[in-house]
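This is input-v4.txt (compact mmCIF, C-alpha atoms).
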```txt
# COMPACT_ATOMS: atom_id res chain seq x y z
CA MET C 1 -1.02 8.96 17.80
CA LEU C 2 1.84 11.46 17.92
CA LEU C 3 0.64 15.04 18.46
CA ILE C 4 2.99 17.73 17.17
CA TYR C 5 2.74 21.28 18.45
CA VAL C 6 3.79 24.16 16.18
CA PRO C 7 3.33 27.86 16.95
CA LYS C 8 2.15 28.56 13.39
CA LEU C 9 1.32 26.13 10.60
CA THR C 10 2.84 27.41 7.36
CA ASN C 11 2.87 25.67 4.00
CA ARG C 12 6.58 24.98 4.36
CA LEU C 13 6.22 23.51 7.82
CA GLY C 14 3.10 21.50 6.99
CA TYR C 15 4.80 20.01 3.94
CA THR C 16 7.91 19.06 5.90
CA ILE C 17 6.09 17.44 8.81
CA HIS C 18 3.88 15.45 6.45
CA VAL C 19 6.87 14.23 4.45
CA VAL C 20 8.78 13.21 7.57
CA MET C 21 5.93 11.57 9.43
CA ARG C 22 3.82 10.22 6.55
CA ASP C 23 6.28 9.39 3.78
CA ILE C 24 9.48 8.54 5.66
CA LEU C 25 8.57 7.42 9.18
CA GLN C 26 5.03 6.28 8.34
CA ALA C 27 3.66 7.35 11.70
CA GLU C 28 0.14 8.27 12.72
CA PHE C 29 0.24 11.93 13.72
CA ALA C 30 -1.67 15.19 14.06
CA ILE C 31 -0.57 18.82 14.16
CA THR C 32 -1.92 21.48 16.50
CA THR C 33 -1.30 25.14 17.28
CA ASP C 34 -3.44 24.88 20.44
CA VAL C 35 -1.21 24.81 23.53
CA ALA C 36 -3.97 23.57 25.84
CA MET C 37 -4.88 20.70 23.52
CA PHE C 38 -1.22 19.79 23.23
CA GLU C 39 -0.57 19.77 26.97
CA ASN C 40 -3.73 17.76 27.67
CA HIS C 41 -2.87 15.12 25.11
CA GLU C 42 -2.18 11.82 26.86
CA GLY C 43 -0.25 10.11 24.08
CA PRO C 44 3.17 10.81 22.54
CA ARG C 45 3.93 14.50 21.95
CA LEU C 46 6.55 16.52 20.12
CA CYS C 47 6.96 20.26 20.57
CA TYR C 48 8.45 22.31 17.73
CA GLY C 49 9.09 26.03 17.96
CA ASN C 50 10.98 28.52 20.10
CA GLN C 51 9.11 27.87 23.32
CA HIS C 52 9.00 24.52 25.07
CA TYR C 53 5.50 23.36 26.01
CA GLY C 54 4.64 20.14 27.79
CA GLY C 55 7.42 20.20 30.35
CA ALA C 56 10.50 18.08 30.75
CA ALA C 57 8.59 14.92 29.84
CA THR C 58 7.95 16.22 26.31
CA PRO C 59 10.65 16.25 23.61
CA PHE C 60 11.40 19.72 22.25
CA ILE C 61 12.81 20.53 18.80
CA LYS C 62 13.98 24.11 18.73
CA ALA C 63 13.10 25.86 15.47
CA SER C 64 15.11 28.07 13.19
CA GLN C 65 13.13 30.60 11.16
CA LEU C 66 13.28 28.97 7.72
CA LEU C 67 9.91 27.22 7.85
CA PHE C 68 8.11 30.35 9.05
CA GLU C 69 9.40 32.51 6.20
CA THR C 70 8.01 33.00 2.69
CA THR C 71 11.01 34.59 1.00
CA ILE C 72 13.95 32.94 -0.78
CA ASP C 73 17.22 34.28 0.59
CA ASP C 74 20.87 33.37 0.40
CA LEU C 75 21.01 31.45 3.67
CA ASP C 76 23.96 30.46 5.80
CA CYS C 77 23.11 26.85 6.59
CA ARG C 78 26.08 26.64 8.96
CA PHE C 79 27.12 23.07 8.38
CA PHE C 80 28.49 21.15 11.36
CA MET C 81 28.69 17.58 12.63
CA VAL C 82 26.53 15.91 15.27
CA GLY C 83 28.69 12.96 16.21
CA ASP C 84 29.38 11.29 12.87
CA ALA C 85 26.28 12.78 11.20
CA PRO C 86 26.26 15.95 9.09
CA ALA C 87 23.81 18.65 10.15
CA LEU C 88 22.53 22.05 9.05
CA PHE C 89 20.78 24.94 10.85
CA PRO C 90 22.25 24.69 14.36
CA VAL C 91 20.12 25.81 17.30
CA PHE C 92 21.02 26.56 20.89
CA GLY C 93 19.03 25.70 23.99
CA ARG C 94 19.58 23.47 27.00
CA ASP C 95 16.19 21.81 26.61
CA ALA C 96 16.50 21.17 22.85
CA ALA C 97 16.54 17.44 22.08
CA LEU C 98 18.84 18.00 19.08
CA PRO C 99 21.49 20.69 18.45
CA PHE C 100 20.03 21.51 15.03
CA ASP C 101 16.63 22.01 13.40
CA PRO C 102 16.03 18.78 11.46
CA PHE C 103 12.78 20.02 9.93
CA ALA C 104 14.51 23.07 8.46
CA ALA C 105 17.44 20.96 7.22
CA ILE C 106 15.08 18.45 5.62
CA PHE C 107 13.05 21.17 3.93
CA TYR C 108 16.18 22.88 2.63
CA MET C 109 17.34 19.68 0.94
CA LEU C 110 13.97 18.45 -0.38
CA SER C 111 12.84 21.79 -1.78
CA ARG C 112 16.19 22.20 -3.58
CA TYR C 113 16.32 25.64 -1.99
CA GLU C 114 19.87 26.24 -3.19
CA GLU C 115 18.82 25.69 -6.82
CA TYR C 116 16.51 28.72 -6.63
CA LEU C 117 19.50 30.94 -5.83
CA PRO C 118 22.00 32.27 -8.40
CA HIS C 119 24.38 29.47 -9.37
CA ARG C 120 26.71 28.22 -12.09
CA LYS C 121 25.45 25.75 -14.69
CA ASP C 122 27.14 23.21 -16.93
CA GLU C 123 27.13 23.17 -20.73
CA HIS C 124 23.61 21.71 -20.76
CA GLY C 125 22.18 24.30 -18.40
CA ARG C 126 22.12 21.92 -15.43
CA TYR C 127 22.79 22.78 -11.81
CA LEU C 128 26.33 21.72 -10.99
CA SER C 129 26.71 19.08 -8.32
CA SER C 130 29.78 20.92 -7.06
CA GLU C 131 27.59 23.93 -6.21
CA SER C 132 25.56 21.97 -3.65
CA VAL C 133 26.06 22.14 0.10
CA ALA C 134 26.12 18.33 0.12
CA SER C 135 29.08 18.24 -2.26
CA LYS C 136 30.95 21.06 -0.54
CA HIS C 137 30.67 19.31 2.83
CA ASN C 138 31.09 15.76 1.55
CA PHE C 139 27.73 14.23 2.40
CA LEU C 140 26.30 13.84 -1.11
CA GLN C 141 26.62 10.06 -0.83
CA ARG C 142 24.52 9.90 2.35
CA PRO C 143 20.68 9.93 2.53
CA VAL C 144 20.83 12.62 5.21
CA VAL C 145 17.14 13.50 5.05
CA ASP C 146 16.22 9.95 5.99
CA GLU C 147 18.95 9.90 8.64
CA TRP C 148 17.61 13.11 10.16
CA ALA C 149 14.10 11.67 10.15
CA MET C 150 15.45 8.63 12.01
CA MET C 151 16.98 10.99 14.59
CA LEU C 152 13.53 12.49 15.16
CA LYS C 153 12.08 9.02 15.55
CA ASP C 154 14.75 8.15 18.11
CA VAL C 155 13.98 11.33 20.05
CA VAL C 156 10.29 10.40 20.25
CA LEU C 157 11.10 6.83 21.27
CA GLN C 158 13.43 8.02 24.02
CA PHE C 159 10.51 9.80 25.65
CA TYR C 160 7.78 7.38 24.56
CA PRO C 161 9.18 3.86 24.08
CA ASP C 162 5.71 2.57 23.14
CA ALA C 163 5.17 5.11 20.34
CA GLN C 164 4.10 3.36 17.13
CA PHE C 165 5.95 3.64 13.84
CA GLN C 166 5.15 1.33 10.94
CA LYS C 167 7.99 -0.87 9.79
CA LYS C 168 9.37 0.23 6.43
CA THR C 169 11.14 -2.12 4.08
CA PHE C 170 13.94 -1.58 1.59
CA THR C 171 12.78 -1.43 -2.02
CA PHE C 172 14.68 -1.52 -5.30
CA GLN C 173 13.58 0.41 -8.38
CA LEU C 174 15.20 -0.54 -11.69
CA THR C 175 14.70 2.09 -14.38
CA VAL C 176 15.91 1.99 -17.99
CA ASP C 177 16.21 4.94 -20.35
CA ILE C 178 15.66 4.15 -24.04
CA ASP C 179 17.62 6.90 -25.77
CA ALA C 180 18.14 4.68 -28.82
CA ALA C 181 16.22 1.44 -29.12
CA TYR C 182 18.37 0.18 -32.01
CA CYS C 183 21.94 0.63 -33.12
CA TYR C 184 21.41 -0.18 -36.81
CA LEU C 185 17.79 -1.13 -37.42
CA HIS C 186 14.85 1.17 -38.24
CA LYS C 187 16.98 4.26 -38.79
CA GLY C 188 15.66 5.18 -42.21
CA VAL C 189 17.71 5.42 -45.40
CA PHE C 190 19.38 8.76 -44.66
CA ARG C 191 20.56 7.90 -41.13
CA THR C 192 21.68 4.43 -42.27
CA VAL C 193 23.82 5.88 -45.06
CA ILE C 194 25.32 8.50 -42.73
CA GLY C 195 26.07 5.81 -40.15
CA LEU C 196 27.72 3.60 -42.74
CA ALA C 197 29.86 6.50 -43.96
CA ARG C 198 30.93 7.23 -40.40
CA ASP C 199 31.92 3.60 -39.88
CA ILE C 200 33.96 3.57 -43.08
CA PHE C 201 35.62 6.97 -43.06
CA ALA C 202 35.45 8.46 -39.57
CA ARG C 203 35.96 5.34 -37.47
CA ASN C 204 37.65 3.23 -40.14
CA ASP C 205 36.04 0.29 -38.38
CA ARG C 206 35.65 -2.74 -40.66
CA ASP C 207 34.09 -4.77 -37.86
CA ALA C 208 31.36 -2.15 -37.42
CA VAL C 209 30.66 -2.10 -41.16
CA SER C 210 30.43 -5.88 -41.22
CA GLN C 211 28.22 -5.95 -38.12
CA ARG C 212 25.91 -3.31 -39.58
CA PHE C 213 25.36 -5.34 -42.73
CA ARG C 214 24.80 -8.57 -40.76
CA VAL C 215 22.16 -6.88 -38.61
CA LEU C 216 20.44 -5.20 -41.56
CA ARG C 217 20.30 -8.55 -43.40
CA GLY C 218 18.79 -10.25 -40.35
CA LYS C 219 21.85 -12.42 -39.72
CA GLU C 220 22.58 -10.92 -36.31
CA HIS C 221 20.66 -9.39 -33.43
CA ASP C 222 20.80 -5.59 -33.13
CA PRO C 223 23.27 -4.91 -30.28
CA TYR C 224 21.09 -2.24 -28.61
CA ASP C 225 18.05 -4.54 -28.46
CA THR C 226 18.73 -5.82 -24.96
CA PHE C 227 15.15 -5.54 -23.73
CA ASP C 228 14.34 -9.22 -23.32
CA TYR C 229 17.64 -9.64 -21.47
CA ILE C 230 16.72 -6.79 -19.09
CA ILE C 231 13.25 -8.18 -18.44
CA GLU C 232 14.63 -11.68 -17.87
CA GLN C 233 17.26 -10.48 -15.41
CA SER C 234 14.73 -8.34 -13.52
CA ASP C 235 12.59 -11.42 -12.87
CA ARG C 236 15.03 -12.27 -10.07
CA LEU C 237 13.37 -9.50 -8.08
CA LYS C 238 10.28 -11.75 -7.97
CA GLN C 239 7.15 -10.23 -6.43
CA ASN C 240 9.08 -7.08 -5.46
CA LYS C 241 9.92 -6.29 -9.07
CA GLN C 242 9.78 -2.58 -9.89
CA LEU C 243 10.87 -2.18 -13.52
CA LEU C 244 10.30 1.01 -15.48
CA PHE C 245 11.31 2.08 -19.00
CA PHE C 246 11.48 5.65 -20.30
CA PRO C 247 11.52 5.80 -24.13
CA LEU C 248 12.64 8.96 -25.88
CA LEU C 249 9.95 10.03 -28.36
CA GLY C 250 11.09 13.52 -29.25
CA ASP C 251 11.92 14.78 -32.70
CA TYR C 252 15.38 14.05 -34.11
CA GLY C 253 17.98 16.67 -33.16
CA ILE C 254 21.54 17.23 -32.04
CA TYR C 255 20.86 15.84 -28.55
CA ASP C 256 17.87 13.61 -29.35
CA LYS C 257 18.42 10.67 -31.70
CA PRO C 258 15.53 8.32 -30.99
CA THR C 259 13.92 5.73 -33.20
CA ALA C 260 11.01 7.42 -34.99
CA TYR C 261 7.89 7.19 -32.84
CA TYR C 262 5.79 6.21 -35.87
CA ASN C 263 7.99 3.22 -36.76
CA ASN C 264 5.79 0.11 -36.49
CA GLU C 265 8.53 -2.18 -35.14
CA PHE C 266 9.43 0.36 -32.44
CA ARG C 267 5.80 0.78 -31.46
CA GLN C 268 5.41 -3.00 -31.21
CA LEU C 269 8.55 -3.15 -29.08
CA LEU C 270 7.14 -0.60 -26.61
CA GLN C 271 3.86 -2.50 -26.46
CA HIS C 272 5.82 -5.69 -25.78
CA ILE C 273 7.76 -4.00 -22.98
CA GLY C 274 4.48 -2.71 -21.57
CA ASP C 275 3.38 -6.30 -20.95
CA TYR C 276 6.21 -6.73 -18.44
CA ALA C 277 6.98 -3.28 -17.05
CA LYS C 278 5.67 0.24 -16.54
CA LEU C 279 6.57 2.96 -19.02
CA GLY C 280 6.95 6.70 -18.71
CA ILE C 281 7.95 9.39 -21.14
CA HIS C 282 11.60 10.41 -21.48
CA GLY C 283 11.08 14.11 -22.03
CA SER C 284 13.44 15.26 -24.78
CA TYR C 285 16.29 17.75 -24.49
CA TYR C 286 14.19 20.89 -24.98
CA ALA C 287 10.96 19.53 -23.51
CA ASN C 288 12.02 20.38 -19.97
CA THR C 289 10.41 23.83 -20.20
CA GLU C 290 8.42 23.70 -23.47
CA SER C 291 4.92 22.58 -22.58
CA ASP C 292 3.72 22.06 -26.17
CA ARG C 293 6.70 19.87 -27.02
CA MET C 294 6.30 17.85 -23.83
CA SER C 295 2.59 17.43 -24.44
CA ARG C 296 3.23 16.05 -27.95
CA GLU C 297 5.69 13.48 -26.62
CA ILE C 298 3.33 12.37 -23.86
CA HIS C 299 0.56 11.99 -26.43
CA ARG C 300 2.82 9.89 -28.68
CA LEU C 301 3.51 7.38 -25.91
CA SER C 302 -0.12 7.35 -24.84
CA ASP C 303 -1.15 6.64 -28.44
CA ILE C 304 1.29 3.73 -28.67
CA LEU C 305 0.34 2.13 -25.35
CA HIS C 306 -3.35 3.13 -25.26
CA ARG C 307 -3.03 4.25 -21.66
CA THR C 308 -2.61 7.43 -19.65
CA ILE C 309 1.01 8.47 -19.10
CA VAL C 310 1.79 9.61 -15.56
CA ARG C 311 5.60 9.17 -15.34
CA ASN C 312 8.52 11.19 -16.70
CA ARG C 313 12.27 11.44 -16.68
CA PHE C 314 13.91 14.30 -18.53
CA HIS C 315 16.56 13.43 -21.12
CA PHE C 316 20.05 14.56 -20.05
CA LEU C 317 18.46 15.13 -16.63
CA ARG C 318 17.71 18.68 -17.75
CA PHE C 319 15.15 20.43 -15.58
CA GLU C 320 14.61 23.80 -13.97
CA VAL C 321 13.08 24.25 -10.54
CA PRO C 322 10.22 24.88 -10.27
CA LYS C 323 9.30 25.55 -13.92
CA SER C 324 9.78 21.99 -15.20
CA PHE C 325 7.75 20.43 -12.41
CA GLU C 326 4.94 22.97 -12.63
CA MET C 327 4.69 22.06 -16.32
CA LEU C 328 4.55 18.34 -15.52
CA SER C 329 1.77 18.94 -13.01
CA GLN C 330 -0.28 20.84 -15.58
CA LEU C 331 0.20 18.01 -18.11
CA GLY C 332 -1.02 15.32 -15.74
CA ILE C 333 2.35 13.78 -14.89
CA LYS C 334 2.19 12.46 -11.32
CA HIS C 335 5.68 10.99 -10.90
CA ASP C 336 9.08 12.35 -11.93
CA TYR C 337 12.33 10.34 -11.90
CA SER C 338 14.85 13.05 -12.85
CA MET C 339 16.21 14.06 -9.44
CA GLY C 340 19.90 13.22 -9.39
CA TYR C 341 23.19 14.27 -10.93
CA ALA C 342 24.73 13.05 -14.18
CA ASP C 343 28.35 13.36 -13.08
CA VAL C 344 28.31 11.88 -9.57
CA PRO C 345 26.21 9.29 -7.73
CA GLY C 346 24.39 10.11 -4.54
CA PHE C 347 21.38 11.91 -3.12
CA ARG C 348 20.80 15.25 -4.82
CA CYS C 349 17.88 16.12 -2.56
CA GLY C 350 19.26 14.19 0.41
CA THR C 351 16.68 11.42 0.37
CA CYS C 352 16.00 7.92 -0.94
CA SER C 353 12.30 8.23 -0.15
CA ILE C 354 9.51 9.03 -2.60
CA VAL C 355 8.10 12.43 -1.66
CA PRO C 356 6.00 15.25 -3.14
CA ILE C 357 7.76 18.12 -4.91
CA PHE C 358 7.54 21.53 -3.26
CA ASP C 359 7.36 24.69 -5.37
CA LEU C 360 9.39 27.15 -3.33
CA SER C 361 8.48 30.14 -5.52
CA ARG C 362 4.79 29.71 -4.65
CA ASN C 363 5.32 28.04 -1.28
CA GLN C 364 3.06 25.14 -2.14
CA GLU C 365 3.21 21.41 -2.69
CA LEU C 366 2.80 20.14 -6.26
CA GLU C 367 0.81 17.09 -7.31
CA VAL C 368 3.98 15.47 -8.60
CA ARG C 369 5.90 12.93 -6.55
CA MET C 370 9.68 12.85 -6.77
CA HIS C 371 11.45 9.50 -7.21
CA PRO C 372 15.12 10.43 -6.70
CA PHE C 373 17.68 8.09 -8.23
CA VAL C 374 21.00 7.20 -6.62
CA THR C 375 23.11 5.88 -9.49
CA MET C 376 23.35 5.92 -13.28
CA ASP C 377 25.53 3.69 -15.45
CA THR C 378 27.02 6.54 -17.50
CA THR C 379 28.06 8.35 -14.31
CA PHE C 380 30.51 5.59 -13.39
CA HIS C 381 31.59 4.71 -16.93
CA THR C 382 31.79 8.07 -18.69
CA HIS C 383 32.21 10.70 -15.97
CA MET C 384 34.12 8.81 -13.26
CA LYS C 385 35.95 6.39 -15.61
CA LEU C 386 35.51 3.47 -13.21
CA SER C 387 35.99 -0.15 -14.19
CA PRO C 388 33.08 -2.58 -13.87
CA GLN C 389 34.55 -4.05 -10.67
CA GLU C 390 35.09 -0.59 -9.13
CA THR C 391 31.52 0.29 -10.09
CA ILE C 392 30.11 -2.82 -8.41
CA GLN C 393 31.81 -1.77 -5.16
CA GLN C 394 30.21 1.66 -5.38
CA TYR C 395 26.76 0.14 -5.94
CA HIS C 396 27.16 -2.07 -2.87
CA ILE C 397 28.22 0.84 -0.66
CA LEU C 398 25.36 3.08 -1.76
CA MET C 399 22.74 0.34 -1.65
CA ASP C 400 23.83 -0.56 1.89
CA ARG C 401 23.29 3.07 2.92
CA VAL C 402 19.80 3.02 1.47
CA ARG C 403 19.05 -0.28 3.19
CA ALA C 404 20.18 1.21 6.52
CA VAL C 405 17.27 3.68 6.38
CA ASP C 406 14.81 1.30 4.66
CA GLY C 407 14.63 3.56 1.63
CA THR C 408 14.19 3.05 -2.10
CA PHE C 409 17.30 2.44 -4.18
CA SER C 410 16.46 3.76 -7.63
CA CYS C 411 19.04 3.35 -10.38
CA ILE C 412 19.29 4.17 -14.08
CA PHE C 413 20.62 1.91 -16.81
CA HIS C 414 20.45 2.35 -20.58
CA ASN C 415 19.55 -0.48 -22.93
CA GLN C 416 22.41 0.36 -25.33
CA ASN C 417 24.99 0.23 -22.54
CA LEU C 418 24.24 -3.44 -21.92
CA CYS C 419 25.33 -4.49 -25.40
CA GLU C 420 28.83 -5.62 -24.29
CA ASP C 421 30.32 -3.56 -27.13
CA PHE C 422 31.43 -0.01 -28.00
CA GLY C 423 33.48 0.32 -24.79
CA TRP C 424 30.84 -1.19 -22.50
CA GLU C 425 32.38 -4.63 -22.16
CA GLY C 426 31.83 -6.04 -18.67
CA TRP C 427 28.77 -3.97 -17.85
CA ARG C 428 26.36 -6.86 -18.01
CA GLU C 429 28.28 -8.21 -15.04
CA VAL C 430 27.58 -4.93 -13.24
CA PHE C 431 23.91 -5.06 -14.16
CA GLU C 432 23.48 -8.66 -13.03
CA ASP C 433 25.40 -8.09 -9.80
CA VAL C 434 23.28 -5.05 -8.89
CA ILE C 435 20.06 -6.97 -9.46
CA GLN C 436 21.30 -9.96 -7.46
CA TYR C 437 22.52 -7.75 -4.60
CA ALA C 438 19.10 -6.09 -4.48
CA ALA C 439 17.27 -9.41 -4.78
CA ASP C 440 19.21 -10.82 -1.85
CA ALA C 441 18.16 -7.81 0.21
CA ILE C 442 14.44 -7.87 -0.57
CA ASN C 443 13.47 -11.47 -1.32
```
Let me see the structure of the file written as structure tokens.
Amino acid sequence: MLLIYVPKLTNRLGYTIHVVMRDILQAEFAITTDVAMFENHEGPRLCYGNQHYGGAATPFIKASQLLFETTIDDLDCRFFMVGDAPALFPVFGRDAALPFDPFAAIFYMLSRYEEYLPHRKDEHGRYLSSESVASKHNFLQRPVVDEWAMMLKDVVLQFYPDAQFQKKTFTFQLTVDIDAAYCYLHKGVFRTVIGLARDIFARNDRDAVSQRFRVLRGKEHDPYDTFDYIIEQSDRLKQNKQLLFFPLLGDYGIYDKPTAYYNNEFRQLLQHIGDYAKLGIHGSYYANTESDRMSREIHRLSDILHRTIVRNRFHFLRFEVPKSFEMLSQLGIKHDYSMGYADVPGFRCGTCSIVPIFDLSRNQELEVRMHPFVTMDTTFHTHMKLSPQETIQQYHILMDRVRAVDGTFSCIFHNQNLCEDFGWEGWREVFEDVIQYAADAIN
């Protein structure tokens, strides 16, 4: 067992050590503030603080002050490079095993410390990726938290080659947002008429008009109904299959245009999907901070599936730290899948590991686990304007980086974007390649 000495055990420090050792490195460990107990320990040791205990035979990580504070201040992280690895919070000391404080750097990224500070937002009220330290210093596409944790592991192993760390394995998490289950079907008379008028007058698209009528008459499959295709393709992941769907069940509005939650065919579709995959709620545009609205949507999905709902991803990836996650905790949501950016791929919180969310305003861990995603289909297609082949290359690069740290590669697709129409031609090839690339890595 690895014994870690700290001069004072704060909520911030306790959270960070547990995430690093339990969730990322999967090591057996204990924490002590007792110097005598630490120095008498006969197994592997790690000293963290400003004073080095245990002598030259004990690895020492020199601490910055971040994890011993309770305030939220505009910090100077002082980015620099350690070899070819980015680093934050440099420290100075001849006996320090690393030239930076990895625990402070990890906490800064995981807590989304910078999102508590004044910052610019986009038109949807979201934190801008360009505001982040990871974007400004060009390490957004690296799982630096996991890399820093690996550095700590290497430090321990240098001093204690026989120290035990459980072997982690790469995992792949395929998630699908259902913003619109159908393109033409089950829209109701009013929405169908409006859609037809748009096809005729706004788009002047005779093919769309013809397709709409063929689908409505049952002569053709609805193009957005790609669910059986998704389930069939995901079967290549075999016993390691992690498939999740997030249906939007909010009320109709300018940013929310779901199939009505009370529609019988839609309810039967969700029940059918539930036989093959897990489902969570796709919290609607304004549900990110409105508890009553979020509660109604959770209840709607629970009523359809006849099961407790414990997973969420916010529509448009709209959330506020910590307010949105405090609300989820109060509503019984245990897992959130919203952590990532809409406009760029990468690691918003620096990690590809599944970790608890920390409420920095209260300095306490929440009972909600964060499942950060790395990529989203609309990011490459709509924001970055990449071709399917260019997108496949990006998926391979990012998945290889996750594999290098034995993390979880979580990605977002949308059922409607796999229709091979409306500008999404070629994206089934992307989808199938991503699944095969992941299957080759895990099976």
Practice problem: Please check which residues have atoms at most 12 Å from (17.0, 26.2, 23.8) in the file's coordinates, counting all atoms listed in the file, and write them as a PyMOL selection string. | Solution: chain C and resi 48-52+59-64+90-101
The residue from C:Val156, C:Ile333, C:Ala30, C:Ile273 with the smallest atom-to-atom distance to C:Thr58, counting only C-alpha atoms, is C:Val156
message: I'd like the neighbourhood of stretch 299-305 of chain C as a ChimeraX atom specification, where a residue qualifies if any of its atoms comes within 12 Å (using all atoms listed in the file), though same-chain residues fewer than 3 positions away should be ignored.
response: /C:245-251,260-275,277-283,292-296,308-312,331-333
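Shortest separation to C:Asn415 among C:Lys168, C:Arg428, C:Arg236, C:Arg120 occurs at residue C:Arg428, atoms counted being all atoms listed in the file.
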Using all atoms listed in the file, the best pick from C:Gly253, C:Gly54, C:Gly43, C:Gly218 as closest to C:Leu185 would be C:Gly218
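Between C:His124 and the candidates C:Phe79, C:Tyr229, C:Tyr286, C:Phe107, the tightest atom-to-atom separation, counting only C-alpha atoms, involves C:Tyr286.
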One residue among C:His396, C:His119, C:Arg217, C:Arg313 is nearest to C:Pro372 when using all atoms listed in the file, and that residue is C:Arg313
Counting all atoms listed in the file, note down every residue that has an atom within 12 Å of the point (21.5, 35.0, 4.5) (file coordinates), as a CSV table (one decimal) with C-alpha atoms, in the coordinates of the input.
```csv
chain,number,residue,atom,x,y,z
C,65,GLN,CA,13.1,30.6,11.2
C,66,LEU,CA,13.3,29.0,7.7
C,71,THR,CA,11.0,34.6,1.0
C,72,ILE,CA,14.0,32.9,-0.8
C,73,ASP,CA,17.2,34.3,0.6
C,74,ASP,CA,20.9,33.4,0.4
C,75,LEU,CA,21.0,31.4,3.7
C,76,ASP,CA,24.0,30.5,5.8
C,77,CYS,CA,23.1,26.8,6.6
C,78,ARG,CA,26.1,26.6,9.0
C,89,PHE,CA,20.8,24.9,10.8
C,114,GLU,CA,19.9,26.2,-3.2
C,117,LEU,CA,19.5,30.9,-5.8
```
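Taking atom CA of C:Val155 and atom CA of C:Leu13 as the two end points, the separation is 18.9 Å.
For the set C:Met37, C:Val321, C:Cys349, C:Ile230, the residue with the smallest atom-to-atom gap to C:Val133 is C:Cys349, counting only C-alpha atoms.
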ask   = Excluding same-chain residues fewer than 3 positions from C:Ile442, what lies within 12 Å of it counting all atoms listed in the file, as number ranges by chain?
value = C: 168-173, 236-242, 399, 403, 406-409, 435-439
Keeping only C-alpha atoms, write those residues as a PDB file, in the coordinates of the input.
```pdb
ATOM      1  CA  LYS C 168       9.370   0.230   6.430  1.00  0.00           C
ATOM      2  CA  THR C 169      11.140  -2.120   4.080  1.00  0.00           C
ATOM      3  CA  PHE C 170      13.940  -1.580   1.590  1.00  0.00           C
ATOM      4  CA  THR C 171      12.780  -1.430  -2.020  1.00  0.00           C
ATOM      5  CA  PHE C 172      14.680  -1.520  -5.300  1.00  0.00           C
ATOM      6  CA  GLN C 173      13.580   0.410  -8.380  1.00  0.00           C
ATOM      7  CA  ARG C 236      15.030 -12.270 -10.070  1.00  0.00           C
ATOM      8  CA  LEU C 237      13.370  -9.500  -8.080  1.00  0.00           C
ATOM      9  CA  LYS C 238      10.280 -11.750  -7.970  1.00  0.00           C
ATOM     10  CA  GLN C 239       7.150 -10.230  -6.430  1.00  0.00           C
ATOM     11  CA  ASN C 240       9.080  -7.080  -5.460  1.00  0.00           C
ATOM     12  CA  LYS C 241       9.920  -6.290  -9.070  1.00  0.00           C
ATOM     13  CA  GLN C 242       9.780  -2.580  -9.890  1.00  0.00           C
ATOM     14  CA  MET C 399      22.740   0.340  -1.650  1.00  0.00           C
ATOM     15  CA  ARG C 403      19.050  -0.280   3.190  1.00  0.00           C
ATOM     16  CA  ASP C 406      14.810   1.300   4.660  1.00  0.00           C
ATOM     17  CA  GLY C 407      14.630   3.560   1.630  1.00  0.00           C
ATOM     18  CA  THR C 408      14.190   3.050  -2.100  1.00  0.00           C
ATOM     19  CA  PHE C 409      17.300   2.440  -4.180  1.00  0.00           C
ATOM     20  CA  ILE C 435      20.060  -6.970  -9.460  1.00  0.00           C
ATOM     21  CA  GLN C 436      21.300  -9.960  -7.460  1.00  0.00           C
ATOM     22  CA  TYR C 437      22.520  -7.750  -4.600  1.00  0.00           C
ATOM     23  CA  ALA C 438      19.100  -6.090  -4.480  1.00  0.00           C
ATOM     24  CA  ALA C 439      17.270  -9.410  -4.780  1.00  0.00           C
TER      25      ALA C 439
END
```
Quick one: everything within 10 Å of stretch 376-389 of chain C, counting all atoms listed in the file, minus sequence neighbours fewer than 2 positions away in the same chain. Send it as a ChimeraX atom specification. /C:175-176,340-346,373-374,391-395,410-414,417-418,423-431
Output file for the residues above (C-alpha atoms, as a short mmCIF file (atom, residue, chain, number, x, y, z; two decimals), in the coordinates of the input):
```cif
data_model
loop_
_atom_site.label_atom_id
_atom_site.label_comp_id
_atom_site.auth_asym_id
_atom_site.auth_seq_id
_atom_site.Cartn_x
_atom_site.Cartn_y
_atom_site.Cartn_z
CA THR C 175 14.70 2.09 -14.38
CA VAL C 176 15.91 1.99 -17.99
CA GLY C 340 19.90 13.22 -9.39
CA TYR C 341 23.19 14.27 -10.93
CA ALA C 342 24.73 13.05 -14.18
CA ASP C 343 28.35 13.36 -13.08
CA VAL C 344 28.31 11.88 -9.57
CA PRO C 345 26.21 9.29 -7.73
CA GLY C 346 24.39 10.11 -4.54
CA PHE C 373 17.68 8.09 -8.23
CA VAL C 374 21.00 7.20 -6.62
CA THR C 391 31.52 0.29 -10.09
CA ILE C 392 30.11 -2.82 -8.41
CA GLN C 393 31.81 -1.77 -5.16
CA GLN C 394 30.21 1.66 -5.38
CA TYR C 395 26.76 0.14 -5.94
CA SER C 410 16.46 3.76 -7.63
CA CYS C 411 19.04 3.35 -10.38
CA ILE C 412 19.29 4.17 -14.08
CA PHE C 413 20.62 1.91 -16.81
CA HIS C 414 20.45 2.35 -20.58
CA ASN C 417 24.99 0.23 -22.54
CA LEU C 418 24.24 -3.44 -21.92
CA GLY C 423 33.48 0.32 -24.79
CA TRP C 424 30.84 -1.19 -22.50
CA GLU C 425 32.38 -4.63 -22.16
CA GLY C 426 31.83 -6.04 -18.67
CA TRP C 427 28.77 -3.97 -17.85
CA ARG C 428 26.36 -6.86 -18.01
CA GLU C 429 28.28 -8.21 -15.04
CA VAL C 430 27.58 -4.93 -13.24
CA PHE C 431 23.91 -5.06 -14.16
#
```
